[in-house]
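So this block is my_file.csv, CSV, C-alpha atoms:
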chain,number,residue,atom,x,y,z
W,458,MET,CA,3.7,-35.7,111.6
W,459,THR,CA,1.8,-32.8,110.3
W,460,LEU,CA,4.8,-30.5,109.6
W,461,LEU,CA,6.8,-33.0,107.6
W,462,PRO,CA,4.5,-33.3,104.5
W,463,THR,CA,4.1,-29.5,104.3
W,464,TYR,CA,7.8,-28.9,104.4
W,465,LYS,CA,8.4,-31.6,101.7
W,466,LYS,CA,5.7,-30.2,99.5
W,467,LYS,CA,7.2,-26.6,99.6
W,468,ALA,CA,10.7,-27.9,99.0
W,469,GLY,CA,9.6,-30.1,96.2
W,470,ARG,CA,7.8,-27.2,94.4
W,471,SER,CA,10.7,-24.8,94.8
W,472,LYS,CA,13.2,-27.2,93.5
W,473,ARG,CA,11.4,-28.5,90.5
W,474,GLY,CA,13.5,-26.4,88.2
W,475,PHE,CA,12.6,-24.9,84.8
W,476,GLN,CA,10.2,-26.5,82.4
W,477,ILE,CA,11.2,-26.9,78.7
W,478,ILE,CA,8.7,-24.3,77.7
W,479,GLU,CA,10.2,-21.8,80.1
W,480,ILE,CA,13.7,-22.5,78.7
W,481,VAL,CA,12.5,-22.1,75.2
W,482,ILE,CA,10.7,-18.8,75.9
W,483,GLY,CA,13.7,-17.5,77.8
W,484,ALA,CA,16.0,-18.5,75.0
W,485,ALA,CA,13.8,-16.8,72.4
W,486,ILE,CA,13.7,-13.6,74.4
W,487,PHE,CA,17.4,-13.6,74.8
W,488,LEU,CA,18.0,-14.4,71.2
W,489,ASN,CA,15.7,-11.5,70.2
W,490,VAL,CA,17.7,-9.1,72.4
W,491,VAL,CA,21.0,-10.4,70.9
W,492,LEU,CA,19.6,-10.0,67.3
W,493,ALA,CA,18.3,-6.5,68.1
W,494,VAL,CA,21.7,-5.5,69.4
W,495,ASP,CA,23.3,-7.1,66.3
W,496,TYR,CA,20.9,-5.2,64.0
W,497,SER,CA,21.4,-1.9,65.6
W,498,MET,CA,25.2,-2.3,65.6
W,499,ASN,CA,25.1,-3.2,61.9
W,500,THR,CA,22.9,-0.1,61.2
W,501,MET,CA,25.4,2.0,63.1
W,502,TYR,CA,28.3,0.5,61.0
W,503,LEU,CA,26.5,1.2,57.7
W,504,THR,CA,25.6,4.7,58.8
W,505,SER,CA,29.1,5.6,59.8
W,506,ARG,CA,30.4,4.2,56.4
W,507,LYS,CA,27.8,6.2,54.5
W,508,SER,CA,28.8,9.2,56.5
W,509,LEU,CA,32.5,8.7,55.4
W,510,ARG,CA,31.5,8.2,51.8
W,511,THR,CA,29.3,11.3,51.9
W,512,ALA,CA,32.2,13.3,53.2
W,513,GLN,CA,34.4,12.0,50.3
W,514,ALA,CA,31.7,12.8,47.8
W,515,SER,CA,31.4,16.3,49.3
W,516,TYR,CA,35.1,16.9,48.6
W,517,LEU,CA,34.6,15.8,45.0
W,518,VAL,CA,31.7,18.2,44.6
W,519,GLU,CA,33.9,21.0,46.0
W,520,GLU,CA,36.7,19.9,43.7
W,521,THR,CA,34.4,20.0,40.7
W,522,THR,CA,33.3,23.6,41.3
W,523,ASP,CA,36.9,24.7,41.8
W,524,VAL,CA,38.2,22.8,38.7
W,525,LEU,CA,35.5,24.5,36.6
W,526,LYS,CA,36.6,27.8,38.0
W,527,ALA,CA,40.2,27.0,37.1
W,528,LEU,CA,39.2,26.0,33.6
W,529,ARG,CA,37.1,29.2,33.4
W,530,ASP,CA,40.2,31.2,34.5
W,531,ASN,CA,42.0,29.7,31.5
W,532,GLY,CA,39.3,31.0,29.2
W,533,TRP,CA,35.5,31.3,29.3
W,534,ASN,CA,35.5,29.4,26.0
W,535,ASN,CA,36.4,26.2,28.0
W,536,ILE,CA,33.0,26.5,29.6
W,537,SER,CA,30.8,28.2,27.0
W,538,ALA,CA,31.8,25.8,24.2
W,539,LEU,CA,30.3,22.9,26.1
W,540,ASN,CA,26.9,21.6,25.1
W,541,ILE,CA,23.9,22.4,27.3
W,542,ASP,CA,22.2,19.5,29.1
W,543,VAL,CA,24.9,17.0,28.4
W,544,ASN,CA,26.8,15.0,30.9
W,545,TYR,CA,30.5,15.9,31.2
W,546,TYR,CA,33.3,14.4,33.3
W,547,LEU,CA,36.6,15.5,34.6
W,548,THR,CA,40.0,13.9,34.2
W,549,PHE,CA,43.4,15.0,35.5
W,550,THR,CA,46.1,14.2,32.9
W,551,GLY,CA,49.5,15.7,32.2
W,552,GLY,CA,49.3,17.9,35.3
W,553,ALA,CA,46.1,19.6,34.2
W,554,TRP,CA,42.4,19.1,34.5
W,555,THR,CA,40.4,18.5,31.3
W,556,ILE,CA,36.8,18.1,30.5
W,557,THR,CA,35.8,14.9,28.8
W,558,SER,CA,32.6,13.3,27.6
W,559,THR,CA,33.8,9.8,28.7
W,560,PRO,CA,32.6,8.8,32.1
W,561,THR,CA,35.3,8.6,34.8
W,562,LEU,CA,35.5,7.0,38.2
W,563,VAL,CA,37.4,8.4,41.2
W,564,ASP,CA,38.0,5.5,43.5
W,565,GLY,CA,34.5,4.1,43.1
W,566,PHE,CA,32.8,7.5,42.9
W,567,SER,CA,31.2,8.5,39.6
W,568,ARG,CA,31.3,12.2,38.9
W,569,ALA,CA,29.4,14.1,36.3
W,570,PHE,CA,28.2,17.7,35.7
W,571,VAL,CA,25.7,19.2,33.4
W,572,LEU,CA,25.6,22.8,32.2
W,573,SER,CA,22.4,24.7,31.5
W,574,THR,CA,21.6,28.2,30.2
W,575,VAL,CA,21.1,31.0,32.6
W,576,TYR,CA,18.3,33.4,31.8
W,577,ARG,CA,17.7,36.9,33.1
W,578,ASN,CA,14.5,38.8,33.4
W,579,ALA,CA,13.9,42.5,32.8
W,580,SER,CA,15.4,43.4,36.2
W,581,ASP,CA,18.6,41.5,35.2
W,582,ASP,CA,17.9,38.9,37.8
W,583,ILE,CA,18.3,35.2,37.2
W,584,ALA,CA,15.0,33.7,36.2
W,585,ALA,CA,13.5,30.6,34.7
W,586,SER,CA,13.0,32.3,31.4
W,587,GLY,CA,14.0,35.6,29.7
W,588,THR,CA,17.2,36.7,27.9
W,589,ALA,CA,20.0,34.1,27.9
W,590,ASP,CA,23.1,35.3,29.8
W,591,LEU,CA,26.0,34.3,27.6
W,592,GLY,CA,28.5,35.0,30.4
W,593,ALA,CA,27.0,32.6,32.9
W,594,ARG,CA,26.2,28.9,33.1
W,595,LYS,CA,24.3,26.9,35.7
W,596,VAL,CA,26.2,23.8,36.8
W,597,ALA,CA,24.6,20.7,38.3
W,598,ILE,CA,27.2,18.4,39.8
W,599,ASN,CA,26.4,14.9,40.7
W,600,ILE,CA,28.6,12.4,42.6
W,601,SER,CA,27.2,8.9,42.9
W,602,TRP,CA,28.5,5.7,44.5
W,603,SER,CA,27.3,2.2,45.4
W,604,ASP,CA,27.6,0.7,48.9
W,605,ASN,CA,26.0,-2.5,50.2
W,606,GLY,CA,23.9,-2.9,47.1
W,607,LYS,CA,22.5,0.6,47.2
W,608,THR,CA,23.3,3.6,45.1
W,609,TYR,CA,23.8,7.0,46.8
W,610,SER,CA,24.4,10.4,45.4
W,611,LYS,CA,25.3,13.9,46.4
W,612,SER,CA,24.3,16.7,44.1
W,613,ILE,CA,24.6,20.5,44.1
W,614,SER,CA,23.7,23.3,41.7
W,615,THR,CA,25.8,26.4,41.3
W,616,TYR,CA,26.6,29.1,38.8
W,617,ILE,CA,29.8,29.9,37.0
W,618,PHE,CA,30.4,33.3,35.5
W,619,ASP,CA,32.8,34.8,33.0
W,620,ILE,CA,34.8,37.1,35.2
Z,129,MET,CA,-1.6,-43.3,106.0
Z,130,SER,CA,-1.2,-39.6,105.5
Z,131,VAL,CA,2.6,-39.9,105.9
Z,132,THR,CA,2.8,-42.6,103.2
Z,133,HIS,CA,0.7,-40.4,100.9
Z,134,SER,CA,2.9,-37.4,101.5
Z,135,THR,CA,6.1,-39.4,100.9
Z,136,LYS,CA,4.7,-40.5,97.5
Z,137,LYS,CA,3.9,-37.0,96.5
Z,138,SER,CA,7.3,-35.8,97.6
Z,139,ASP,CA,9.0,-38.5,95.6
Z,140,ARG,CA,7.1,-37.6,92.5
Z,141,ILE,CA,8.1,-33.9,92.9
Z,142,ASN,CA,11.8,-34.6,93.5
Z,143,ARG,CA,12.1,-37.2,90.8
Z,144,GLY,CA,14.7,-34.9,89.1
Z,145,THR,CA,15.2,-34.5,85.4
Z,146,THR,CA,15.3,-37.2,82.8
Z,147,LEU,CA,18.3,-37.7,80.5
Z,148,LEU,CA,16.3,-36.4,77.6
Z,149,GLU,CA,15.6,-33.1,79.4
Z,150,ILE,CA,19.2,-32.7,80.3
Z,151,VAL,CA,20.3,-33.3,76.7
Z,152,ILE,CA,17.7,-30.7,75.4
Z,153,TYR,CA,18.8,-28.2,78.0
Z,154,VAL,CA,22.5,-28.7,77.3
Z,155,ALA,CA,21.8,-28.5,73.5
Z,156,LEU,CA,19.8,-25.3,73.9
Z,157,MET,CA,22.5,-23.7,76.2
Z,158,ALA,CA,25.2,-24.7,73.7
Z,159,MET,CA,23.3,-23.1,70.9
Z,160,LEU,CA,22.7,-20.0,73.0
Z,161,LEU,CA,26.3,-19.7,74.0
Z,162,VAL,CA,27.5,-20.2,70.4
Z,163,THR,CA,25.1,-17.5,69.1
Z,164,VAL,CA,26.0,-15.1,71.9
Z,165,SER,CA,29.7,-15.7,71.3
Z,166,PHE,CA,29.5,-15.0,67.6
Z,167,SER,CA,27.3,-12.0,68.2
Z,168,LEU,CA,29.7,-10.6,70.8
Z,169,ILE,CA,32.6,-11.0,68.4
Z,170,GLN,CA,30.7,-9.4,65.6
Z,171,VAL,CA,29.5,-6.5,67.8
Z,172,SER,CA,33.0,-5.9,69.0
Z,173,SER,CA,34.3,-6.0,65.4
Z,174,ILE,CA,31.6,-3.6,64.1
Z,175,ALA,CA,32.2,-1.2,67.0
Z,176,LEU,CA,35.9,-1.1,66.0
Z,177,GLU,CA,35.1,-0.5,62.3
Z,178,THR,CA,32.5,2.1,63.2
Z,179,LYS,CA,35.1,3.9,65.3
Z,180,ALA,CA,37.6,3.6,62.4
Z,181,PHE,CA,35.2,5.2,59.9
Z,182,ARG,CA,34.4,8.0,62.3
Z,183,ALA,CA,38.1,8.7,62.9
Z,184,LEU,CA,38.8,8.7,59.1
Z,185,ARG,CA,35.9,11.1,58.4
Z,186,ALA,CA,36.7,13.4,61.3
Z,187,ASN,CA,40.4,13.6,60.4
Z,188,SER,CA,39.7,14.2,56.7
Z,189,VAL,CA,37.3,17.0,57.6
Z,190,VAL,CA,39.9,18.8,59.7
Z,191,ALA,CA,42.9,18.1,57.4
Z,192,LEU,CA,41.3,18.8,54.0
Z,193,GLY,CA,39.2,21.6,55.4
Z,194,ARG,CA,42.2,23.4,56.8
Z,195,MET,CA,44.3,22.9,53.6
Z,196,ALA,CA,41.5,24.0,51.4
Z,197,HIS,CA,40.8,27.1,53.5
Z,198,GLU,CA,44.5,28.1,53.5
Z,199,ILE,CA,45.0,27.4,49.8
Z,200,ARG,CA,41.8,29.4,48.9
Z,201,LEU,CA,43.2,32.5,50.7
Z,202,ALA,CA,46.7,32.1,49.3
Z,203,GLN,CA,48.3,34.2,46.5
Z,204,SER,CA,50.9,31.7,45.2
Z,205,THR,CA,52.8,28.5,45.7
Z,206,ASN,CA,56.4,28.7,47.0
Z,207,THR,CA,57.6,26.1,44.5
Z,208,LEU,CA,61.1,26.1,45.9
Z,209,ALA,CA,59.9,25.1,49.4
Z,210,SER,CA,57.3,22.7,48.1
Z,211,ILE,CA,57.6,19.1,47.0
Z,212,LEU,CA,55.0,18.6,44.2
Z,213,ASP,CA,53.8,15.7,42.2
Z,214,VAL,CA,55.3,13.1,44.5
Z,215,ASN,CA,54.5,11.3,47.7
Z,216,GLU,CA,55.2,12.4,50.4
Z,217,GLY,CA,54.5,15.8,49.2
Z,218,GLN,CA,54.9,19.2,50.9
Z,219,LEU,CA,53.1,22.4,50.1
Z,220,SER,CA,54.4,25.9,50.9
Z,221,ILE,CA,52.1,28.7,50.0
Z,222,ASN,CA,52.4,32.5,50.2
Z,223,THR,CA,49.4,34.0,51.9
Z,224,THR,CA,48.3,36.8,54.2
Z,225,ASP,CA,46.8,36.9,57.7
Z,226,ALA,CA,43.6,38.6,58.7
Z,227,SER,CA,45.4,42.0,58.9
Z,228,GLY,CA,46.9,41.6,55.4
Z,229,ASN,CA,50.4,40.8,56.6
Z,230,SER,CA,52.4,38.4,54.5
Z,231,ARG,CA,52.9,34.9,55.9
Z,232,THR,CA,53.8,31.5,54.7
Z,233,VAL,CA,51.9,28.3,55.4
Z,234,GLU,CA,53.2,24.8,55.0
Z,235,PHE,CA,51.7,21.4,55.0
Z,236,LYS,CA,53.8,18.3,55.3
Z,237,VAL,CA,53.9,14.8,56.7
Z,238,ASN,CA,55.7,14.4,60.0
Z,239,GLY,CA,55.9,10.8,61.0
Z,240,THR,CA,52.4,9.6,60.3
Z,241,ASN,CA,50.7,12.9,61.0
Z,242,LEU,CA,49.9,16.0,58.8
Z,243,GLU,CA,51.8,18.9,60.2
Z,244,TYR,CA,50.7,22.5,59.8
Z,245,ILE,CA,53.4,25.2,59.9
Z,246,GLU,CA,53.0,28.9,59.9
Z,247,ASP,CA,56.0,31.2,59.1
Z,248,GLY,CA,58.4,28.3,59.8
Z,249,VAL,CA,56.9,27.5,63.2
Z,250,SER,CA,55.0,24.3,63.7
Z,251,LYS,CA,51.4,24.9,64.8
Z,252,GLY,CA,50.7,21.2,65.5
Z,253,PHE,CA,49.2,18.3,63.7
Z,254,LEU,CA,46.0,18.3,61.7
Z,255,THR,CA,45.5,14.6,62.2
Z,256,SER,CA,45.0,12.7,65.4
Z,257,ASN,CA,46.8,9.5,66.5
Z,258,ASP,CA,43.6,7.5,65.5
Z,259,VAL,CA,44.8,7.7,61.9
Z,260,MET,CA,48.0,7.6,59.9
Z,261,VAL,CA,48.8,9.7,56.8
Z,262,THR,CA,50.0,7.0,54.4
Z,263,ALA,CA,50.2,9.3,51.3
Z,264,LEU,CA,50.1,13.0,50.6
Z,265,MET,CA,50.5,14.5,47.2
Z,266,PHE,CA,50.1,18.0,45.9
Z,267,LYS,CA,49.7,18.9,42.2
Z,268,ARG,CA,49.8,22.4,40.9
Z,269,GLN,CA,48.0,23.7,37.8
Z,270,VAL,CA,48.9,27.1,36.7
Z,271,THR,CA,46.0,29.0,35.1
Z,272,ALA,CA,45.9,32.3,33.2
Z,273,LYS,CA,44.7,34.1,36.3
Z,274,GLY,CA,46.5,32.2,39.1
Z,275,GLU,CA,46.8,28.6,40.2
Z,276,ALA,CA,45.0,25.6,41.6
Z,277,ILE,CA,46.3,23.0,43.9
Z,278,LYS,CA,45.1,19.4,43.7
Z,279,ILE,CA,45.3,17.5,47.0
Z,280,GLU,CA,45.5,13.8,47.3
Z,281,LEU,CA,45.4,12.6,50.9
Z,282,THR,CA,45.4,8.9,52.0
Z,283,LEU,CA,44.5,8.1,55.6
Z,284,GLN,CA,44.6,4.7,57.3
Z,285,ASN,CA,43.1,4.1,60.7
Z,286,ALA,CA,45.7,3.2,63.3
Z,287,ASN,CA,44.0,0.0,64.5
Z,288,ALA,CA,45.8,-2.6,62.4
Z,289,LYS,CA,43.2,-5.3,63.2
Z,290,ASN,CA,40.4,-3.4,61.4
Z,291,SER,CA,42.6,-1.6,58.8
Z,292,HIS,CA,40.9,0.8,56.5
Z,293,THR,CA,42.6,3.0,54.0
Z,294,GLU,CA,40.6,5.8,52.4
Z,295,LYS,CA,41.6,8.4,49.8
Z,296,PHE,CA,40.4,11.9,49.8
Z,297,TYR,CA,40.7,14.4,46.9
Z,298,ASN,CA,40.2,18.0,46.5
Z,299,THR,CA,41.3,20.8,44.2
Z,300,VAL,CA,41.3,24.4,45.3
Z,301,VAL,CA,41.8,27.6,43.3
Z,302,MET,CA,43.9,30.2,45.0
Z,303,ARG,CA,41.4,33.2,45.3
Z,304,GLY,CA,44.2,35.4,46.7
Z,305,ALA,CA,45.8,35.4,43.2
Z,306,TYR,CA,42.8,37.1,41.6

Written as structure tokens, how would this file's structure read?
Amino acid sequence: MTLLPTYKKKAGRSKRGFQIIEIVIGAAIFLNVVLAVDYSMNTMYLTSRKSLRTAQASYLVEETTDVLKALRDNGWNNISALNIDVNYYLTFTGGAWTITSTPTLVDGFSRAFVLSTVYRNASDDIAASGTADLGARKVAINISWSDNGKTYSKSISTYIFDI
Amino acid sequence: MSVTHSTKKSDRINRGTTLLEIVIYVALMAMLLVTVSFSLIQVSSIALETKAFRALRANSVVALGRMAHEIRLAQSTNTLASILDVNEGQLSINTTDASGNSRTVEFKVNGTNLEYIEDGVSKGFLTSNDVMVTALMFKRQVTAKGEAIKIELTLQNANAKNSHTEKFYNTVVMRGAY
């Protein structure tokens, strides 16, 4: 007579199941975890795509430096005749590279380069000011592209010499 | 009297769930399952795409890197052994090894891979089975001091479900010709 109620009480409490608030909290936590995994996976996806685009842009930067050297090899005038601090672009037509002032796109990548004067100081070192070196130009190459609503770019600066 | 009281309490505790509660639980579970299912599908798809991008990048680094390196060191193009300006192209260049001995290097598509050949002997593939070479073109520009080779390489990841095709470009001046 005394054991029965105690037994029933325990059994009753342990079998009462989940309350709605517990279910809602559990579902919310679970959803948060799912959303966090989703977000991190999406970030990973965008990062890997950006990494691929950056590699493609790097090849275009490398290409630009070599094309300018090839054009220089055909005559320093191809480089020295270009205006300073003006955007120039490259195009490959008729089996040869040419420099144009019309913007060009390479599979969604925009490529431009700007030349600037190279100055040398009294020690003949490259300096911010001094005597202009007519046999050298500083080249700033910029490759830009858009992805997922954002614009990215890869830029380098190098020198090209009349050799 | 105590027994009757206990029975009443027990009945109240074990009254079970109402129909409304069951409906809410089932609806919540259904929503959760649908969300989880969609999320799992998306995560799986993203994982495959991420793997594809990584494979494309890694293969382009090896393939373009090796071709650029060899062309940069070369003296000239063997135009007779090369297939220029068309897909699938083939490039044969005259170069030297580290000791200065003459050697030839060739790049061509074999099946869906980019093959690297030295002195007529295949040295293996520069691309893995994760990607397929779907286009390869070489263009030659002769300059007053040598030549430059324009490379156009198109890679596609091998997983047809998440197919991505990417183009890679480079132009390299042959320094060996200077």

Which residues are near Arg529 in chain W? Cut-off 10 Å, only C-alpha atoms, ignore same chain within fewer than 4 positions. Put them as a PDB file with C-alpha atoms, keeping the file's coordinate frame.
ATOM      1  CA  ASP W 523      36.900  24.700  41.800  1.00  0.00           C
ATOM      2  CA  VAL W 524      38.200  22.800  38.700  1.00  0.00           C
ATOM      3  CA  LEU W 525      35.500  24.500  36.600  1.00  0.00           C
ATOM      4  CA  TRP W 533      35.500  31.300  29.300  1.00  0.00           C
ATOM      5  CA  ASN W 534      35.500  29.400  26.000  1.00  0.00           C
ATOM      6  CA  ASN W 535      36.400  26.200  28.000  1.00  0.00           C
ATOM      7  CA  ILE W 536      33.000  26.500  29.600  1.00  0.00           C
ATOM      8  CA  SER W 537      30.800  28.200  27.000  1.00  0.00           C
ATOM      9  CA  ILE W 617      29.800  29.900  37.000  1.00  0.00           C
ATOM     10  CA  PHE W 618      30.400  33.300  35.500  1.00  0.00           C
ATOM     11  CA  ASP W 619      32.800  34.800  33.000  1.00  0.00           C
ATOM     12  CA  ILE W 620      34.800  37.100  35.200  1.00  0.00           C
TER      13      ILE W 620
ATOM     14  CA  THR Z 271      46.000  29.000  35.100  1.00  0.00           C
ATOM     15  CA  ALA Z 272      45.900  32.300  33.200  1.00  0.00           C
ATOM     16  CA  LYS Z 273      44.700  34.100  36.300  1.00  0.00           C
TER      17      LYS Z 273
END

Would you list which chain Z residues are within 8 Å of chain W using all atoms listed in the file, as number ranges by chain? Z: 131, 134-135, 137-138, 141-142, 144, 149, 153, 156, 160, 164, 167, 170-171, 174-175, 177-178, 181-182, 184-185, 189, 267-269, 271-276, 295-301

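Atom pair CA of Thr588 in chain W / CA of Ser573 in chain W has a distance of 13.6 Å (rounded to one decimal).
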
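Going from CA of Thr574 in chain W over to CA of Asp590 in chain W, you cover 7.3 Å.
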
Mind listing whatever residues come within 12 Å of the point (26.8, 20.4, 24.6)? Use all atoms listed in the file, file coordinates, and give them as a PyMOL selection string. chain W and resi 535-545+556-558+570-574

Compare Z:Gln284, Z:Gly239, Z:Ala305, Z:Val190 by their minimum atom-to-atom distance to Thr205 in chain Z, counting only C-alpha atoms, and give me the closest one. Z:Ala305

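Within 10 Å of the point (45.1, 21.4, 62.6) in file coordinates, and counting all atoms listed in the file, lie the residues Z:Asn187, Z:Val190, Z:Ala191, Z:Leu192, Z:Gly193, Z:Arg194, Z:Met195, Z:Leu242, Z:Glu243, Z:Tyr244, Z:Ile245, Z:Lys251, Z:Gly252, Z:Phe253, Z:Leu254, Z:Thr255, Z:Ser256.
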
Mind filling out range 257-276 of chain Z with N, CA, C and O atoms and sending it as an mmCIF file, in the frame of the given file?
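out.cif was written with the following content:
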data_model
loop_
_atom_site.group_PDB
_atom_site.id
_atom_site.type_symbol
_atom_site.label_atom_id
_atom_site.label_comp_id
_atom_site.auth_asym_id
_atom_site.auth_seq_id
_atom_site.Cartn_x
_atom_site.Cartn_y
_atom_site.Cartn_z
ATOM 1 N N ASN Z 257 46.047 10.754 66.471
ATOM 2 C CA ASN Z 257 46.800 9.500 66.500
ATOM 3 C C ASN Z 257 45.839 8.306 66.118
ATOM 4 O O ASN Z 257 46.289 7.163 66.059
ATOM 5 N N ASP Z 258 44.549 8.584 65.891
ATOM 6 C CA ASP Z 258 43.600 7.500 65.500
ATOM 7 C C ASP Z 258 43.870 7.086 64.040
ATOM 8 O O ASP Z 258 43.451 6.011 63.635
ATOM 9 N N VAL Z 259 44.513 7.990 63.276
ATOM 10 C CA VAL Z 259 44.800 7.700 61.900
ATOM 11 C C VAL Z 259 46.229 7.937 61.522
ATOM 12 O O VAL Z 259 46.934 8.631 62.256
ATOM 13 N N MET Z 260 46.647 7.363 60.398
ATOM 14 C CA MET Z 260 48.000 7.600 59.900
ATOM 15 C C MET Z 260 47.898 8.163 58.482
ATOM 16 O O MET Z 260 47.074 7.688 57.693
ATOM 17 N N VAL Z 261 48.733 9.146 58.192
ATOM 18 C CA VAL Z 261 48.800 9.700 56.800
ATOM 19 C C VAL Z 261 49.720 8.747 56.056
ATOM 20 O O VAL Z 261 50.914 8.685 56.333
ATOM 21 N N THR Z 262 49.184 7.982 55.127
ATOM 22 C CA THR Z 262 50.000 7.000 54.400
ATOM 23 C C THR Z 262 50.437 7.602 53.019
ATOM 24 O O THR Z 262 51.339 7.063 52.389
ATOM 25 N N ALA Z 263 49.761 8.638 52.563
ATOM 26 C CA ALA Z 263 50.200 9.300 51.300
ATOM 27 C C ALA Z 263 49.645 10.722 51.291
ATOM 28 O O ALA Z 263 48.533 10.994 51.770
ATOM 29 N N LEU Z 264 50.463 11.611 50.770
ATOM 30 C CA LEU Z 264 50.100 13.000 50.600
ATOM 31 C C LEU Z 264 50.742 13.545 49.348
ATOM 32 O O LEU Z 264 51.963 13.470 49.218
ATOM 33 N N MET Z 265 49.932 14.008 48.431
ATOM 34 C CA MET Z 265 50.500 14.500 47.200
ATOM 35 C C MET Z 265 49.808 15.829 46.791
ATOM 36 O O MET Z 265 48.593 15.957 46.952
ATOM 37 N N PHE Z 266 50.622 16.764 46.349
ATOM 38 C CA PHE Z 266 50.100 18.000 45.900
ATOM 39 C C PHE Z 266 50.462 18.193 44.392
ATOM 40 O O PHE Z 266 51.600 17.920 44.000
ATOM 41 N N LYS Z 267 49.486 18.615 43.592
ATOM 42 C CA LYS Z 267 49.700 18.900 42.200
ATOM 43 C C LYS Z 267 49.294 20.298 41.871
ATOM 44 O O LYS Z 267 48.248 20.728 42.345
ATOM 45 N N ARG Z 268 50.108 20.982 41.111
ATOM 46 C CA ARG Z 268 49.800 22.400 40.900
ATOM 47 C C ARG Z 268 49.464 22.617 39.412
ATOM 48 O O ARG Z 268 50.152 22.144 38.503
ATOM 49 N N GLN Z 269 48.375 23.310 39.202
ATOM 50 C CA GLN Z 269 48.000 23.700 37.800
ATOM 51 C C GLN Z 269 47.971 25.182 37.738
ATOM 52 O O GLN Z 269 47.213 25.852 38.458
ATOM 53 N N VAL Z 270 48.820 25.688 36.876
ATOM 54 C CA VAL Z 270 48.900 27.100 36.700
ATOM 55 C C VAL Z 270 47.827 27.521 35.655
ATOM 56 O O VAL Z 270 47.705 26.892 34.606
ATOM 57 N N THR Z 271 47.042 28.539 35.988
ATOM 58 C CA THR Z 271 46.000 29.000 35.100
ATOM 59 C C THR Z 271 46.390 30.422 34.591
ATOM 60 O O THR Z 271 47.364 31.011 35.091
ATOM 61 N N ALA Z 272 45.583 30.943 33.690
ATOM 62 C CA ALA Z 272 45.900 32.300 33.200
ATOM 63 C C ALA Z 272 45.716 33.357 34.233
ATOM 64 O O ALA Z 272 46.301 34.436 34.135
ATOM 65 N N LYS Z 273 44.943 33.062 35.276
ATOM 66 C CA LYS Z 273 44.700 34.100 36.300
ATOM 67 C C LYS Z 273 45.297 33.711 37.675
ATOM 68 O O LYS Z 273 45.130 34.444 38.635
ATOM 69 N N GLY Z 274 45.908 32.581 37.783
ATOM 70 C CA GLY Z 274 46.500 32.200 39.100
ATOM 71 C C GLY Z 274 46.861 30.733 39.075
ATOM 72 O O GLY Z 274 47.460 30.237 38.125
ATOM 73 N N GLU Z 275 46.497 30.026 40.134
ATOM 74 C CA GLU Z 275 46.800 28.600 40.200
ATOM 75 C C GLU Z 275 45.806 27.832 41.018
ATOM 76 O O GLU Z 275 45.034 28.418 41.778
ATOM 77 N N ALA Z 276 45.839 26.546 40.791
ATOM 78 C CA ALA Z 276 45.000 25.600 41.600
ATOM 79 C C ALA Z 276 45.841 24.514 42.096
ATOM 80 O O ALA Z 276 46.800 24.103 41.438
#
